[in-house]
Every structure is written in C-alpha cells, then in structure tokens.
Amino acid sequence: ALSATGYSRYHSLQASLQRRFSRGYMFNVSYTYSHSIDTFSDEGIYQVQQDSTRPELNRGPSDFNRAHRLIGSWSWLLPFHGNVWADGWQISGVATIQSGRPFTVIDSDGSAILFASGDPRPNVVPGVDPLTTGPMSTRVDGYLNPDAFASSGVAWGNLGRNTFVGPMQRRLDVTLSKTTPLHGGSSLELRLEAYNITNTASFRNPERDLSDGDFGEITQTVGGPRVIQLAMKVRF
C-alpha cells in the first residue's frame, strides 16, 4: 500500500537592491538566505532512505537547499565619445556566489538489518571531526575524514540525512560590446563574451559512499572552465 507521509517546509529571507538604467548605468543585486527542510527530495526515486518504516528519521535539509545565494548584474555604457570608434561601448556582467548543496554519507556495505534499504547510513565516530579544513584547493583529495565514520553493520546508522554541505560556488560572466550605427537605421554590434572570466573552479560534492576507495574525494567540477567567444550582429 502507498501512503503520503512526506513533509517539507521552506523559509527564506530575500533582499534586493536595484537601480534602473539612468546616466549610463544600471545594476541589480539580490540575496536570499533560505532553509528548505523535507523528508524526501528526489521525485524520480520512490524508495525512502535508511529505515523505510520510519521516514520521519530522514527529516533534514532538502537536496536542493542552498543557504546563501547572492547574484549581482550590471550594465555600464562607457563614457567614450567623439568619433565612430569611441561611441557605443558597453560593459555588462553577472556574478553569482552561492552555498554548496547538502549531501548524505552512505554505506552501501551496510546490511540494513534483514531487508533491503535505500542508501543506508553509517555511524558517526564521537570526537572526530568529519570535515577537513583549509583552502578548497587542498581538500580536493580529502573533503571528508574517513576516520569520522564507521559501518553500522546490521543496525541502522545514527548519521542523519544531508548533514554535510558541499563546496560553495562562484562565477563571473562579463560582456564587452560596441554598437555602431549604419545607414538607413541599421546597426552593427560586436560582442566579446567571457564566461567564468576568472577561470574559478567550482567543485561538485565529494564521493559519499563510505565503502568506496575514493570516499571523501572530489573528482568533478560544475560550471565549466573559462570560455571566451566573439560575436557579430547586424540589425536592420
């Protein structure tokens, strides 16, 4: 039999500062501080994690929760004048800074008592810090401390769901463009677009299965490296 025992709740503080285009520039800054809590987030999987008879034990941050998210966008019509080469230059951009996403440490070797279980969790070792410290570049090979976890064997582990948060992400995209009027009301636009202009690496969550040899290591990035492209557009 199927039953609806899910639970979810979302709270947030949202603030924004905006300047409409005037005197050649505009900007918009938005910040969200939020906390989404539920017992189940993945709509594509219908098996409850850990003890399926007690879904309330999975109450924790949603898989998609990001505690902090700051986005800024701007556009500035550069004050160059005097001839066709100087007029029409504009620079704009979008900057994003956000917290990482929560994740759950699992133990696929756990026998989950006498029946199958989705993503059984291990036990926490008291007095051992599960997270390593230092710059993100030095933690790629060890974001989590394996000594802080122990297999739960034939019992349910005492580790909660989504108790850890992955690395934060930062990205800056910038566009430099020039619009030149042509005859008959048409115009020519040249654009130089740089995505992730600082070439900042944003890392995905680490390997979360305690039984894997690369447990706690980060092996993937998100968002891609710096990409620069040049475009030309004729409006008529």
# chains A, B, ... in the order shown; residues from 1 in each chain; ligands from 1
>>> residues_around(residues="Phe236 (chain A)", least_positions_apart="6", cutoff="8 Å", atoms="only C-alpha atoms", output="ChimeraX atom specification")
/A:185-187
>>> select_by_dssp(residues="region 50-128 of chain A", states="strand (DSSP E)", output="list in words")
Gly60, Pro61, His68, Arg69, Leu70, Ile71, Gly72, Ser73, Trp74, Ser75, Trp76, Leu77, Trp89, Gln90, Ile91, Ser92, Gly93, Val94, Ala95, Thr96, Ile97, Gln98, Pro102, Phe103, Asn123 and Val124 of chain A
>>> write_last_selection(atoms="N, CA and C atoms", output="CSV table (one decimal), in the first residue's frame")
chain,number,residue,atom,x,y,z
A,60,GLY,N,15.5,16.5,7.2
A,60,GLY,CA,16.8,17.3,7.2
A,60,GLY,C,16.7,18.3,6.0
A,61,PRO,N,17.8,19.0,5.7
A,61,PRO,CA,17.8,19.9,4.6
A,61,PRO,C,17.5,19.2,3.3
A,68,HIS,N,22.7,30.2,1.2
A,68,HIS,CA,23.0,31.6,0.8
A,68,HIS,C,23.2,31.6,-0.8
A,69,ARG,N,22.6,32.7,-1.3
A,69,ARG,CA,22.7,32.9,-2.8
A,69,ARG,C,22.7,34.4,-3.1
A,70,LEU,N,23.8,34.8,-3.6
A,70,LEU,CA,24.0,36.3,-4.0
A,70,LEU,C,24.2,36.4,-5.5
A,71,ILE,N,23.4,37.2,-6.1
A,71,ILE,CA,23.5,37.4,-7.6
A,71,ILE,C,23.6,38.9,-7.8
A,72,GLY,N,24.5,39.3,-8.6
A,72,GLY,CA,24.6,40.7,-9.0
A,72,GLY,C,24.8,40.9,-10.5
A,73,SER,N,24.0,41.8,-11.1
A,73,SER,CA,24.2,42.1,-12.5
A,73,SER,C,24.3,43.6,-12.7
A,74,TRP,N,24.9,44.0,-13.8
A,74,TRP,CA,25.1,45.4,-14.0
A,74,TRP,C,25.4,45.6,-15.5
A,75,SER,N,25.2,46.9,-15.9
A,75,SER,CA,25.5,47.3,-17.3
A,75,SER,C,25.9,48.7,-17.3
A,76,TRP,N,27.0,49.1,-18.0
A,76,TRP,CA,27.6,50.4,-17.9
A,76,TRP,C,27.9,50.8,-19.4
A,77,LEU,N,27.2,51.9,-19.8
A,77,LEU,CA,27.5,52.5,-21.1
A,77,LEU,C,28.7,53.4,-21.0
A,89,TRP,N,30.3,51.9,-26.7
A,89,TRP,CA,30.9,50.8,-26.0
A,89,TRP,C,30.1,50.6,-24.7
A,90,GLN,N,29.9,49.3,-24.3
A,90,GLN,CA,29.2,49.0,-23.1
A,90,GLN,C,29.8,47.7,-22.5
A,91,ILE,N,29.8,47.7,-21.2
A,91,ILE,CA,30.3,46.5,-20.4
A,91,ILE,C,29.2,46.1,-19.5
A,92,SER,N,29.0,44.8,-19.4
A,92,SER,CA,28.0,44.3,-18.5
A,92,SER,C,28.4,42.9,-17.9
A,93,GLY,N,27.7,42.5,-16.9
A,93,GLY,CA,28.2,41.2,-16.3
A,93,GLY,C,27.2,40.7,-15.3
A,94,VAL,N,27.4,39.4,-14.9
A,94,VAL,CA,26.6,38.7,-13.9
A,94,VAL,C,27.6,38.0,-13.0
A,95,ALA,N,27.4,38.2,-11.7
A,95,ALA,CA,28.3,37.5,-10.7
A,95,ALA,C,27.3,36.7,-9.8
A,96,THR,N,27.7,35.4,-9.5
A,96,THR,CA,27.0,34.5,-8.7
A,96,THR,C,27.9,33.9,-7.6
A,97,ILE,N,27.4,34.0,-6.4
A,97,ILE,CA,28.1,33.3,-5.3
A,97,ILE,C,27.0,32.6,-4.5
A,98,GLN,N,27.2,31.3,-4.3
A,98,GLN,CA,26.2,30.5,-3.6
A,98,GLN,C,26.8,29.4,-2.8
A,102,PRO,N,23.6,20.2,0.1
A,102,PRO,CA,23.7,19.2,1.1
A,102,PRO,C,23.9,17.8,0.5
A,103,PHE,N,24.5,16.9,1.2
A,103,PHE,CA,24.7,15.5,0.8
A,103,PHE,C,24.7,14.6,2.0
A,123,ASN,N,27.5,5.0,11.1
A,123,ASN,CA,27.6,5.6,12.4
A,123,ASN,C,28.6,6.7,12.4
A,124,VAL,N,28.4,7.7,13.3
A,124,VAL,CA,29.4,8.8,13.5
A,124,VAL,C,30.3,8.4,14.6
>>> closest_residue(among="A:Gly88, A:Arg121, A:Leu13, A:Arg19", to="Leu190 (chain A)", atoms="only C-alpha atoms")
A:Gly88
>>> residues_around(residues="Arg235 (chain A)", least_positions_apart="2", cutoff="12 Å", atoms="only C-alpha atoms", output="list in words")
Thr179, Thr180, Pro181, Leu182, His183, Gly184, Gly185, Ser186, Ser187, Leu188, Glu189, Leu190, Met232 and Lys233 of chain A
>>> write_last_selection(atoms="all heavy atoms", output="compact mmCIF listing (two decimals), in the first residue's frame")
# COMPACT_ATOMS: atom_id res chain seq x y z
N THR A 179 28.18 49.03 -30.23
CA THR A 179 27.14 49.20 -31.24
C THR A 179 27.47 50.40 -32.11
O THR A 179 27.68 51.50 -31.59
CB THR A 179 25.76 49.38 -30.58
OG1 THR A 179 25.47 48.25 -29.76
CG2 THR A 179 24.68 49.53 -31.64
N THR A 180 27.51 50.17 -33.41
CA THR A 180 27.86 51.23 -34.37
C THR A 180 26.69 51.44 -35.33
O THR A 180 26.27 50.50 -36.01
CB THR A 180 29.11 50.84 -35.17
OG1 THR A 180 30.20 50.60 -34.26
CG2 THR A 180 29.49 51.97 -36.13
N PRO A 181 26.12 52.66 -35.39
CA PRO A 181 25.03 52.93 -36.33
C PRO A 181 25.51 52.84 -37.78
O PRO A 181 26.62 53.25 -38.11
CB PRO A 181 24.62 54.36 -35.98
CG PRO A 181 25.17 54.62 -34.61
CD PRO A 181 26.43 53.82 -34.53
N LEU A 182 24.66 52.29 -38.64
CA LEU A 182 24.94 52.21 -40.06
C LEU A 182 23.89 53.03 -40.81
O LEU A 182 23.03 53.67 -40.22
CB LEU A 182 24.92 50.75 -40.52
CG LEU A 182 25.91 49.81 -39.82
CD1 LEU A 182 25.70 48.38 -40.31
CD2 LEU A 182 27.35 50.26 -40.05
N HIS A 183 23.92 53.00 -42.12
CA HIS A 183 22.97 53.77 -42.93
C HIS A 183 21.58 53.14 -42.87
O HIS A 183 21.42 51.94 -42.68
CB HIS A 183 23.45 53.83 -44.39
CG HIS A 183 24.76 54.54 -44.55
ND1 HIS A 183 24.92 55.89 -44.35
CD2 HIS A 183 25.99 54.06 -44.88
CE1 HIS A 183 26.18 56.23 -44.55
NE2 HIS A 183 26.86 55.13 -44.88
N GLY A 184 20.57 53.98 -43.01
CA GLY A 184 19.20 53.51 -43.11
C GLY A 184 18.63 52.97 -41.82
O GLY A 184 17.72 52.14 -41.84
N GLY A 185 19.16 53.37 -40.67
CA GLY A 185 18.64 52.93 -39.38
C GLY A 185 19.15 51.58 -38.92
O GLY A 185 18.74 51.09 -37.86
N SER A 186 20.01 50.94 -39.68
CA SER A 186 20.59 49.66 -39.26
C SER A 186 21.80 49.91 -38.36
O SER A 186 22.28 51.04 -38.23
CB SER A 186 20.99 48.83 -40.48
OG SER A 186 21.93 49.54 -41.27
N SER A 187 22.29 48.85 -37.73
CA SER A 187 23.42 48.99 -36.82
C SER A 187 24.23 47.69 -36.81
O SER A 187 23.72 46.61 -37.14
CB SER A 187 22.96 49.33 -35.41
OG SER A 187 22.17 48.29 -34.86
N LEU A 188 25.47 47.82 -36.39
CA LEU A 188 26.38 46.69 -36.27
C LEU A 188 26.79 46.56 -34.81
O LEU A 188 27.24 47.52 -34.18
CB LEU A 188 27.62 46.91 -37.14
CG LEU A 188 28.74 45.87 -36.99
CD1 LEU A 188 28.28 44.51 -37.51
CD2 LEU A 188 30.00 46.34 -37.71
N GLU A 189 26.63 45.35 -34.25
CA GLU A 189 27.02 45.11 -32.86
C GLU A 189 28.12 44.06 -32.80
O GLU A 189 27.99 42.97 -33.37
CB GLU A 189 25.82 44.63 -32.03
CG GLU A 189 26.20 44.37 -30.57
CD GLU A 189 25.04 43.83 -29.75
OE1 GLU A 189 23.96 43.57 -30.33
OE2 GLU A 189 25.22 43.67 -28.53
N LEU A 190 29.20 44.39 -32.12
CA LEU A 190 30.29 43.46 -31.86
C LEU A 190 30.27 43.12 -30.37
O LEU A 190 30.14 44.01 -29.53
CB LEU A 190 31.63 44.07 -32.25
CG LEU A 190 31.82 44.43 -33.72
CD1 LEU A 190 33.17 45.11 -33.93
CD2 LEU A 190 31.72 43.17 -34.59
N MET A 232 29.21 38.80 -33.80
CA MET A 232 28.89 40.00 -34.57
C MET A 232 27.41 39.90 -34.99
O MET A 232 26.95 38.84 -35.41
CB MET A 232 29.78 40.13 -35.79
CG MET A 232 29.51 41.39 -36.61
SD MET A 232 30.66 41.58 -38.00
CE MET A 232 30.16 40.18 -39.05
N LYS A 233 26.70 41.01 -34.86
CA LYS A 233 25.28 41.01 -35.19
C LYS A 233 24.96 42.28 -35.99
O LYS A 233 25.37 43.38 -35.62
CB LYS A 233 24.45 40.98 -33.91
CG LYS A 233 22.94 40.93 -34.13
CD LYS A 233 22.20 41.08 -32.82
CE LYS A 233 22.52 39.92 -31.90
NZ LYS A 233 21.71 40.01 -30.65
>>> residues_around(residues="region 155-164 of chain A", least_positions_apart="3", cutoff="9 Å", atoms="only C-alpha atoms", output="VMD selection string")
chain A and resid 39 49 to 51 57 to 63 101 to 107 110 to 113 120 to 124 131 149 to 152
>>> write_last_selection(atoms="N, CA, C and O atoms", output="tab-separated table (two decimals), in the first residue's frame")
chain	number	residue	atom	x	y	z
A	39	THR	N	11.62	15.41	4.13
A	39	THR	CA	12.00	14.03	4.42
A	39	THR	C	12.38	13.27	3.16
A	39	THR	O	12.87	12.14	3.25
A	49	GLN	N	15.02	6.58	2.05
A	49	GLN	CA	16.35	6.27	2.54
A	49	GLN	C	16.30	5.62	3.92
A	49	GLN	O	15.37	5.84	4.70
A	50	GLN	N	17.36	4.83	4.21
A	50	GLN	CA	17.54	4.23	5.52
A	50	GLN	C	16.33	3.36	5.91
A	50	GLN	O	15.94	2.47	5.17
A	51	ASP	N	15.70	3.61	7.02
A	51	ASP	CA	14.59	2.80	7.53
A	51	ASP	C	13.28	3.26	6.87
A	51	ASP	O	12.72	4.29	7.22
A	57	LEU	N	12.64	9.90	10.22
A	57	LEU	CA	14.06	9.98	10.60
A	57	LEU	C	14.91	10.60	9.49
A	57	LEU	O	16.08	10.90	9.71
A	58	ASN	N	14.33	10.78	8.32
A	58	ASN	CA	15.04	11.41	7.21
A	58	ASN	C	14.85	12.93	7.17
A	58	ASN	O	15.29	13.58	6.22
A	59	ARG	N	14.19	13.48	8.15
A	59	ARG	CA	13.97	14.92	8.16
A	59	ARG	C	15.31	15.64	8.21
A	59	ARG	O	16.15	15.39	9.06
A	60	GLY	N	15.51	16.53	7.24
A	60	GLY	CA	16.76	17.27	7.15
A	60	GLY	C	16.71	18.25	6.00
A	60	GLY	O	15.68	18.41	5.33
A	61	PRO	N	17.81	18.95	5.73
A	61	PRO	CA	17.84	19.89	4.61
A	61	PRO	C	17.51	19.20	3.28
A	61	PRO	O	17.92	18.06	3.05
A	62	SER	N	16.76	19.88	2.44
A	62	SER	CA	16.42	19.34	1.13
A	62	SER	C	17.68	19.17	0.27
A	62	SER	O	18.67	19.89	0.45
A	63	ASP	N	17.61	18.24	-0.66
A	63	ASP	CA	18.76	18.01	-1.55
A	63	ASP	C	19.15	19.27	-2.32
A	63	ASP	O	20.31	19.46	-2.66
A	101	ARG	N	25.53	22.42	-2.03
A	101	ARG	CA	24.32	21.63	-1.78
A	101	ARG	C	24.58	20.57	-0.72
A	101	ARG	O	25.69	20.02	-0.62
A	102	PRO	N	23.56	20.23	0.06
A	102	PRO	CA	23.72	19.19	1.08
A	102	PRO	C	23.91	17.81	0.45
A	102	PRO	O	23.50	17.57	-0.68
A	103	PHE	N	24.53	16.93	1.22
A	103	PHE	CA	24.65	15.54	0.77
A	103	PHE	C	24.70	14.62	1.99
A	103	PHE	O	25.00	15.05	3.11
A	104	THR	N	24.40	13.37	1.74
A	104	THR	CA	24.34	12.36	2.80
A	104	THR	C	25.45	11.34	2.60
A	104	THR	O	25.62	10.80	1.50
A	105	VAL	N	26.19	11.06	3.65
A	105	VAL	CA	27.18	9.97	3.61
A	105	VAL	C	26.42	8.65	3.75
A	105	VAL	O	25.59	8.49	4.65
A	106	ILE	N	26.70	7.71	2.87
A	106	ILE	CA	26.03	6.41	2.90
A	106	ILE	C	27.06	5.29	3.05
A	106	ILE	O	28.27	5.51	2.89
A	107	ASP	N	26.57	4.11	3.34
A	107	ASP	CA	27.43	2.93	3.48
A	107	ASP	C	26.76	1.78	2.76
A	107	ASP	O	25.89	1.10	3.31
A	110	GLY	N	26.47	-1.65	4.31
A	110	GLY	CA	25.56	-1.90	5.42
A	110	GLY	C	24.49	-2.89	5.02
A	110	GLY	O	23.89	-2.78	3.95
A	111	SER	N	24.21	-3.87	5.88
A	111	SER	CA	23.24	-4.91	5.53
A	111	SER	C	21.81	-4.48	5.78
A	111	SER	O	20.87	-5.18	5.40
A	112	ALA	N	21.61	-3.31	6.44
A	112	ALA	CA	20.26	-2.79	6.69
A	112	ALA	C	19.36	-3.81	7.38
A	112	ALA	O	18.25	-4.08	6.93
A	113	ILE	N	19.88	-4.42	8.41
A	113	ILE	CA	19.16	-5.42	9.19
A	113	ILE	C	18.82	-6.62	8.31
A	113	ILE	O	19.71	-7.26	7.78
A	120	PRO	N	21.61	3.13	3.00
A	120	PRO	CA	21.82	3.04	4.45
A	120	PRO	C	22.98	3.94	4.88
A	120	PRO	O	23.95	4.11	4.16
A	121	ARG	N	22.86	4.48	6.08
A	121	ARG	CA	23.86	5.43	6.57
A	121	ARG	C	24.72	4.80	7.66
A	121	ARG	O	24.26	3.94	8.41
A	122	PRO	N	25.98	5.25	7.77
A	122	PRO	CA	26.88	4.70	8.78
A	122	PRO	C	26.70	5.37	10.14
A	122	PRO	O	25.84	6.25	10.30
A	123	ASN	N	27.53	4.98	11.09
A	123	ASN	CA	27.56	5.62	12.39
A	123	ASN	C	28.61	6.73	12.41
A	123	ASN	O	29.58	6.70	11.64
A	124	VAL	N	28.41	7.70	13.29
A	124	VAL	CA	29.38	8.77	13.50
A	124	VAL	C	30.30	8.38	14.64
A	124	VAL	O	29.84	7.91	15.69
A	131	LEU	N	34.78	16.78	8.83
A	131	LEU	CA	35.18	17.65	7.74
A	131	LEU	C	36.64	18.08	7.90
A	131	LEU	O	37.08	18.40	9.01
A	149	PHE	N	33.77	8.09	10.49
A	149	PHE	CA	32.59	7.25	10.21
A	149	PHE	C	32.94	5.79	10.43
A	149	PHE	O	34.08	5.36	10.25
A	150	ALA	N	31.93	5.02	10.81
A	150	ALA	CA	32.10	3.58	10.99
A	150	ALA	C	30.86	2.87	10.47
A	150	ALA	O	29.73	3.34	10.65
A	151	SER	N	31.07	1.75	9.79
A	151	SER	CA	29.94	0.99	9.26
A	151	SER	C	29.01	0.57	10.39
A	151	SER	O	29.45	0.20	11.48
A	152	SER	N	27.71	0.64	10.12
A	152	SER	CA	26.73	0.32	11.15
A	152	SER	C	26.42	-1.17	11.23
A	152	SER	O	25.64	-1.61	12.07
>>> residues_around(residues="Ala67 (chain A)", least_positions_apart="4", cutoff="6 Å", atoms="only C-alpha atoms", output="list in words")
Tyr33, Ser34, His35 and Ser99 of chain A
>>> residues_around(residues="region 198-200 of chain A", least_positions_apart="5", cutoff="7 Å", atoms="only C-alpha atoms", output="JSON, numbers by chain")
{"A": [171, 172, 225, 226]}
>>> write_last_selection(atoms="all heavy atoms", output="PDB file, in the first residue's frame")
ATOM      1  N   ARG A 171      31.065  32.425  -9.671  1.00  0.00           N
ATOM      2  CA  ARG A 171      31.173  32.557 -11.128  1.00  0.00           C
ATOM      3  C   ARG A 171      30.980  34.015 -11.526  1.00  0.00           C
ATOM      4  O   ARG A 171      30.123  34.710 -10.975  1.00  0.00           O
ATOM      5  CB  ARG A 171      30.136  31.678 -11.821  1.00  0.00           C
ATOM      6  CG  ARG A 171      30.187  31.725 -13.352  1.00  0.00           C
ATOM      7  CD  ARG A 171      29.064  30.902 -13.939  1.00  0.00           C
ATOM      8  NE  ARG A 171      29.017  30.989 -15.392  1.00  0.00           N
ATOM      9  CZ  ARG A 171      29.526  30.084 -16.210  1.00  0.00           C
ATOM     10  NH1 ARG A 171      30.136  29.029 -15.720  1.00  0.00           N
ATOM     11  NH2 ARG A 171      29.434  30.232 -17.517  1.00  0.00           N
ATOM     12  N   LEU A 172      31.782  34.474 -12.491  1.00  0.00           N
ATOM     13  CA  LEU A 172      31.669  35.835 -13.014  1.00  0.00           C
ATOM     14  C   LEU A 172      31.684  35.780 -14.537  1.00  0.00           C
ATOM     15  O   LEU A 172      32.644  35.296 -15.143  1.00  0.00           O
ATOM     16  CB  LEU A 172      32.823  36.702 -12.508  1.00  0.00           C
ATOM     17  CG  LEU A 172      32.908  38.123 -13.063  1.00  0.00           C
ATOM     18  CD1 LEU A 172      31.661  38.928 -12.688  1.00  0.00           C
ATOM     19  CD2 LEU A 172      34.161  38.831 -12.574  1.00  0.00           C
ATOM     20  N   PRO A 225      35.127  25.491 -17.423  1.00  0.00           N
ATOM     21  CA  PRO A 225      36.226  26.442 -17.356  1.00  0.00           C
ATOM     22  C   PRO A 225      35.874  27.751 -18.051  1.00  0.00           C
ATOM     23  O   PRO A 225      34.756  27.931 -18.535  1.00  0.00           O
ATOM     24  CB  PRO A 225      37.347  25.712 -18.092  1.00  0.00           C
ATOM     25  CG  PRO A 225      36.616  24.905 -19.130  1.00  0.00           C
ATOM     26  CD  PRO A 225      35.334  24.466 -18.463  1.00  0.00           C
ATOM     27  N   ARG A 226      36.845  28.653 -18.119  1.00  0.00           N
ATOM     28  CA  ARG A 226      36.631  29.924 -18.811  1.00  0.00           C
ATOM     29  C   ARG A 226      36.407  29.692 -20.306  1.00  0.00           C
ATOM     30  O   ARG A 226      37.112  28.929 -20.945  1.00  0.00           O
ATOM     31  CB  ARG A 226      37.841  30.834 -18.612  1.00  0.00           C
ATOM     32  CG  ARG A 226      37.756  32.148 -19.384  1.00  0.00           C
ATOM     33  CD  ARG A 226      38.880  33.080 -18.977  1.00  0.00           C
ATOM     34  NE  ARG A 226      40.161  32.425 -19.040  1.00  0.00           N
ATOM     35  CZ  ARG A 226      41.128  32.585 -18.119  1.00  0.00           C
ATOM     36  NH1 ARG A 226      40.936  33.369 -17.085  1.00  0.00           N
ATOM     37  NH2 ARG A 226      42.276  31.959 -18.253  1.00  0.00           N
TER      38      ARG A 226
END
>>> closest_residue(among="A:Leu17, A:Thr133, A:Lys178, A:Ile37", to="Trp85 (chain A)", atoms="only C-alpha atoms")
A:Lys178
>>> atom_distance(atom1="CA of Gly100 (chain A)", atom2="CA of Gln169 (chain A)")
6.6 Å
>>> residues_around(residues="Asp129 (chain A)", least_positions_apart="4", cutoff="9 Å", atoms="only C-alpha atoms", output="ChimeraX atom specification")
/A:125,144-145,147-148
>>> closest_residue(among="A:Ser211, A:Asn65, A:Gln220, A:Gln229", to="Asn196 (chain A)", atoms="only C-alpha atoms")
A:Gln229
>>> atom_distance(atom1="CA of Pro206 (chain A)", atom2="CA of Gly166 (chain A)")
7.3 Å
>>> decode(residues="region 129-146 of chain A", atoms="C-alpha atoms", output="CSV table (one decimal), in the first residue's frame")
chain,number,residue,atom,x,y,z
A,129,ASP,CA,35.7,16.0,13.0
A,130,PRO,CA,34.2,14.6,9.8
A,131,LEU,CA,35.2,17.7,7.7
A,132,THR,CA,38.7,18.6,6.8
A,133,THR,CA,39.9,22.2,6.9
A,134,GLY,CA,41.9,24.6,4.8
A,135,PRO,CA,41.7,26.1,1.3
A,136,MET,CA,39.4,24.3,-1.1
A,137,SER,CA,42.3,23.5,-3.4
A,138,THR,CA,44.0,21.5,-0.6
A,139,ARG,CA,40.8,19.5,0.2
A,140,VAL,CA,40.0,18.0,-3.2
A,141,ASP,CA,41.7,14.7,-2.2
A,142,GLY,CA,40.0,14.7,1.2
A,143,TYR,CA,36.9,16.8,1.8
A,144,LEU,CA,35.7,14.3,4.4
A,145,ASN,CA,37.6,12.5,7.1
A,146,PRO,CA,37.0,8.7,6.7
